[in-house]
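Trainee: Dropping a structure here in structure tokens format, bear with me for questions.
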Amino acid sequence: MKIIKNKFIPPRGFSYVNLFGVLFTRRDKKISDVTFNHEQIHTEQMKEMLYVFFYLWYLMEWLVRLIILRDCHKAYRAISFEREAYANQENLTYLDGRKRYRWLTYVF
């Protein structure tokens, strides 16, 4: 995964953003192995969903969860893509044996 350190992306208040498999971070932010693994999991999810469908699903799932949970942070943490990434971010070998579309097990 390519990493781009800059002063514009992501917006202030955010540390990292993964756009189409490229990780953008502020110049002053260090990237831990755990964070890097979390973002690599997202990159695999993006590839499975052909990138565009990943973002469409992500947005739709966040909106549905926002309506149900009425809290934007809780809605974000409940997105299946995020649930898979957070659950496995500390397992640095997770991607070696990860089955395709594993995030679907986190939908419900």
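Letters for chains follow the order of the structure tokens (A, B, ...), residue numbers begin at 1 for each chain, and ligand numbers begin at 1 in the order shown.
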Excluding range 60-64 of chain A and residues on its chain fewer than 5 positions from it, collect all residues at most 12 Å away from it, counting only C-alpha atoms, and give them as a list in words.

Mentor: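 Residues near the query, excluding close chain neighbours: Phe53, Phe54, Tyr55, Leu69, Arg70, Asp71, Cys72, His73, Lys74, Ala75, Tyr76, Arg77, Ala78, Ile79, Ser80, Phe81, Glu82, Leu104, Tyr106, Val107 and Phe108 of chain A.
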
Trainee: Take the residues from that selection and write them out as a short mmCIF file (atom, residue, chain, number, x, y, z; two decimals), in the first residue's frame, keeping N, CA and C atoms.

Mentor:
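Generated output (again_14.cif):
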data_model
loop_
_atom_site.label_atom_id
_atom_site.label_comp_id
_atom_site.auth_asym_id
_atom_site.auth_seq_id
_atom_site.Cartn_x
_atom_site.Cartn_y
_atom_site.Cartn_z
N PHE A 53 -17.95 0.03 -5.46
CA PHE A 53 -19.03 -0.62 -4.70
C PHE A 53 -18.71 -0.65 -3.20
N PHE A 54 -17.43 -0.69 -2.86
CA PHE A 54 -17.03 -0.58 -1.46
C PHE A 54 -17.55 0.72 -0.87
N TYR A 55 -17.28 1.83 -1.55
CA TYR A 55 -17.69 3.13 -1.04
C TYR A 55 -19.21 3.29 -1.02
N LEU A 69 -29.09 3.62 15.10
CA LEU A 69 -28.35 3.90 16.33
C LEU A 69 -28.40 5.36 16.78
N ARG A 70 -28.72 6.26 15.85
CA ARG A 70 -28.84 7.70 16.14
C ARG A 70 -27.57 8.31 16.76
N ASP A 71 -26.43 7.80 16.34
CA ASP A 71 -25.15 8.30 16.83
C ASP A 71 -24.13 8.03 15.72
N CYS A 72 -23.50 9.08 15.19
CA CYS A 72 -22.62 8.90 14.02
C CYS A 72 -21.39 8.06 14.35
N HIS A 73 -20.83 8.20 15.56
CA HIS A 73 -19.66 7.39 15.91
C HIS A 73 -20.04 5.91 16.07
N LYS A 74 -21.15 5.65 16.72
CA LYS A 74 -21.61 4.26 16.87
C LYS A 74 -21.95 3.66 15.50
N ALA A 75 -22.54 4.47 14.63
CA ALA A 75 -22.87 3.99 13.28
C ALA A 75 -21.60 3.62 12.52
N TYR A 76 -20.57 4.45 12.63
CA TYR A 76 -19.28 4.18 11.99
C TYR A 76 -18.69 2.87 12.50
N ARG A 77 -18.68 2.68 13.82
CA ARG A 77 -18.08 1.48 14.40
C ARG A 77 -18.89 0.23 14.08
N ALA A 78 -20.16 0.38 13.71
CA ALA A 78 -21.03 -0.76 13.41
C ALA A 78 -20.97 -1.18 11.94
N ILE A 79 -20.32 -0.42 11.09
CA ILE A 79 -20.19 -0.79 9.67
C ILE A 79 -19.41 -2.09 9.58
N SER A 80 -19.88 -3.01 8.79
CA SER A 80 -19.26 -4.34 8.70
C SER A 80 -17.79 -4.27 8.31
N PHE A 81 -17.42 -3.38 7.41
CA PHE A 81 -16.02 -3.23 7.02
C PHE A 81 -15.16 -2.82 8.22
N GLU A 82 -15.68 -1.88 9.01
CA GLU A 82 -14.94 -1.42 10.20
C GLU A 82 -14.89 -2.49 11.28
N LEU A 104 -18.63 -9.89 5.30
CA LEU A 104 -20.06 -10.21 5.30
C LEU A 104 -20.50 -10.88 6.59
N TYR A 106 -19.80 -9.91 9.41
CA TYR A 106 -19.97 -8.84 10.38
C TYR A 106 -21.19 -7.97 10.11
N VAL A 107 -21.95 -8.26 9.06
CA VAL A 107 -23.10 -7.42 8.70
C VAL A 107 -24.17 -7.46 9.78
N PHE A 108 -24.45 -8.63 10.34
CA PHE A 108 -25.54 -8.75 11.31
C PHE A 108 -25.03 -8.96 12.71
#

Trainee: Hey, what does DSSP flag as alpha helix (DSSP H) within chain A? Can you give it to me as a PyMOL selection string?

Mentor: chain A and resi 33-48+52-69+72-78+80-88+94-97

Trainee: If we count only C-alpha atoms, what is near Glu39 in chain A at a cut-off of 12 Å, once residues fewer than 4 positions away on the same chain are taken out, given as number ranges by chain?

Mentor: A: 1-3, 15-25, 31-35, 43-46, 81-82, 84-86, 88-90, 92, 95

Trainee: Export N, CA, C and O atoms of the chosen residues as a compact mmCIF listing (two decimals), in the first residue's frame?

Mentor:
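Dumped everything to again04.txt:
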# COMPACT_ATOMS: atom_id res chain seq x y z
N MET A 1 0.85 -1.17 0.00
CA MET A 1 0.00 0.00 0.00
C MET A 1 0.90 1.23 0.00
O MET A 1 1.84 1.32 0.78
N LYS A 2 0.59 2.16 -0.84
CA LYS A 2 1.34 3.41 -0.91
C LYS A 2 0.87 4.35 0.20
O LYS A 2 -0.32 4.44 0.49
N ILE A 3 1.81 5.04 0.82
CA ILE A 3 1.51 6.00 1.89
C ILE A 3 1.94 7.39 1.42
O ILE A 3 3.07 7.58 0.97
N SER A 15 -6.72 11.32 11.35
CA SER A 15 -5.31 10.96 11.25
C SER A 15 -4.96 10.31 9.92
O SER A 15 -3.89 10.55 9.37
N TYR A 16 -5.87 9.48 9.41
CA TYR A 16 -5.60 8.72 8.19
C TYR A 16 -6.87 8.62 7.36
O TYR A 16 -7.96 8.64 7.88
N VAL A 17 -6.68 8.46 6.05
CA VAL A 17 -7.80 8.12 5.17
C VAL A 17 -7.23 7.24 4.06
O VAL A 17 -6.17 7.53 3.49
N ASN A 18 -7.92 6.15 3.78
CA ASN A 18 -7.51 5.21 2.76
C ASN A 18 -8.42 5.43 1.56
O ASN A 18 -9.61 5.13 1.60
N LEU A 19 -7.86 5.94 0.49
CA LEU A 19 -8.63 6.21 -0.72
C LEU A 19 -8.10 5.32 -1.84
O LEU A 19 -6.96 5.49 -2.29
N PHE A 20 -8.91 4.37 -2.25
CA PHE A 20 -8.58 3.46 -3.35
C PHE A 20 -7.25 2.75 -3.13
O PHE A 20 -6.47 2.55 -4.05
N GLY A 21 -6.97 2.39 -1.87
CA GLY A 21 -5.77 1.65 -1.55
C GLY A 21 -4.53 2.50 -1.33
O GLY A 21 -3.43 1.97 -1.17
N VAL A 22 -4.68 3.81 -1.32
CA VAL A 22 -3.59 4.73 -1.02
C VAL A 22 -3.89 5.36 0.33
O VAL A 22 -4.95 5.95 0.52
N LEU A 23 -2.95 5.24 1.26
CA LEU A 23 -3.14 5.75 2.61
C LEU A 23 -2.59 7.17 2.71
O LEU A 23 -1.41 7.40 2.50
N PHE A 24 -3.48 8.11 3.00
CA PHE A 24 -3.09 9.51 3.19
C PHE A 24 -3.03 9.78 4.69
O PHE A 24 -3.90 9.36 5.44
N THR A 25 -1.99 10.50 5.10
CA THR A 25 -1.84 10.85 6.50
C THR A 25 -1.19 12.22 6.61
O THR A 25 -0.53 12.68 5.68
N ILE A 31 2.63 6.01 11.68
CA ILE A 31 1.71 4.92 11.38
C ILE A 31 2.20 3.66 12.08
O ILE A 31 3.26 3.13 11.75
N SER A 32 1.42 3.19 13.04
CA SER A 32 1.80 1.96 13.76
C SER A 32 1.50 0.75 12.88
O SER A 32 0.75 0.83 11.90
N ASP A 33 2.08 -0.37 13.25
CA ASP A 33 1.81 -1.63 12.53
C ASP A 33 0.34 -1.99 12.60
O ASP A 33 -0.23 -2.48 11.63
N VAL A 34 -0.29 -1.73 13.74
CA VAL A 34 -1.71 -2.04 13.92
C VAL A 34 -2.56 -1.18 12.99
O VAL A 34 -3.46 -1.69 12.31
N THR A 35 -2.28 0.11 12.94
CA THR A 35 -3.02 1.01 12.04
C THR A 35 -2.80 0.62 10.59
O THR A 35 -3.75 0.58 9.80
N THR A 43 -8.11 -2.14 2.33
CA THR A 43 -7.69 -2.22 0.93
C THR A 43 -8.14 -3.53 0.31
O THR A 43 -8.62 -3.56 -0.83
N GLU A 44 -8.03 -4.63 1.05
CA GLU A 44 -8.51 -5.93 0.55
C GLU A 44 -10.01 -5.90 0.33
O GLU A 44 -10.52 -6.44 -0.65
N GLN A 45 -10.74 -5.28 1.26
CA GLN A 45 -12.19 -5.15 1.11
C GLN A 45 -12.52 -4.35 -0.14
O GLN A 45 -13.45 -4.70 -0.89
N MET A 46 -11.79 -3.28 -0.37
CA MET A 46 -12.01 -2.44 -1.56
C MET A 46 -11.80 -3.24 -2.84
O MET A 46 -12.61 -3.14 -3.78
N PHE A 81 -17.42 -3.38 7.41
CA PHE A 81 -16.02 -3.23 7.02
C PHE A 81 -15.16 -2.82 8.22
O PHE A 81 -14.06 -3.32 8.42
N GLU A 82 -15.68 -1.88 9.01
CA GLU A 82 -14.94 -1.42 10.20
C GLU A 82 -14.89 -2.49 11.28
O GLU A 82 -13.88 -2.66 11.95
N GLU A 84 -14.84 -5.73 10.88
CA GLU A 84 -13.80 -6.70 10.52
C GLU A 84 -12.41 -6.12 10.77
O GLU A 84 -11.55 -6.78 11.35
N ALA A 85 -12.18 -4.90 10.34
CA ALA A 85 -10.86 -4.28 10.48
C ALA A 85 -10.47 -4.10 11.94
O ALA A 85 -9.35 -4.43 12.34
N TYR A 86 -11.38 -3.59 12.76
CA TYR A 86 -11.07 -3.40 14.19
C TYR A 86 -10.88 -4.73 14.90
O TYR A 86 -10.01 -4.85 15.77
N ASN A 88 -9.64 -7.41 13.81
CA ASN A 88 -8.45 -8.14 13.38
C ASN A 88 -7.21 -7.28 13.20
O ASN A 88 -6.18 -7.78 12.75
N GLN A 89 -7.28 -6.02 13.55
CA GLN A 89 -6.15 -5.12 13.29
C GLN A 89 -4.88 -5.49 14.05
O GLN A 89 -3.78 -5.21 13.59
N GLU A 90 -5.01 -6.12 15.20
CA GLU A 90 -3.83 -6.47 15.98
C GLU A 90 -3.22 -7.81 15.56
O GLU A 90 -2.10 -8.14 15.97
N LEU A 92 -1.39 -9.27 12.98
CA LEU A 92 -0.62 -8.79 11.83
C LEU A 92 -0.48 -9.82 10.72
O LEU A 92 -0.05 -9.49 9.62
N LEU A 95 -4.28 -11.13 7.21
CA LEU A 95 -4.53 -11.13 5.77
C LEU A 95 -3.96 -12.36 5.07
O LEU A 95 -4.42 -12.71 3.98

Trainee: Could you jot down the CA of Met49 in chain A to CA of Lys99 in chain A separation for me, Å, one decimal place?

Mentor: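 Distance between the two atoms: 13.8 Å.
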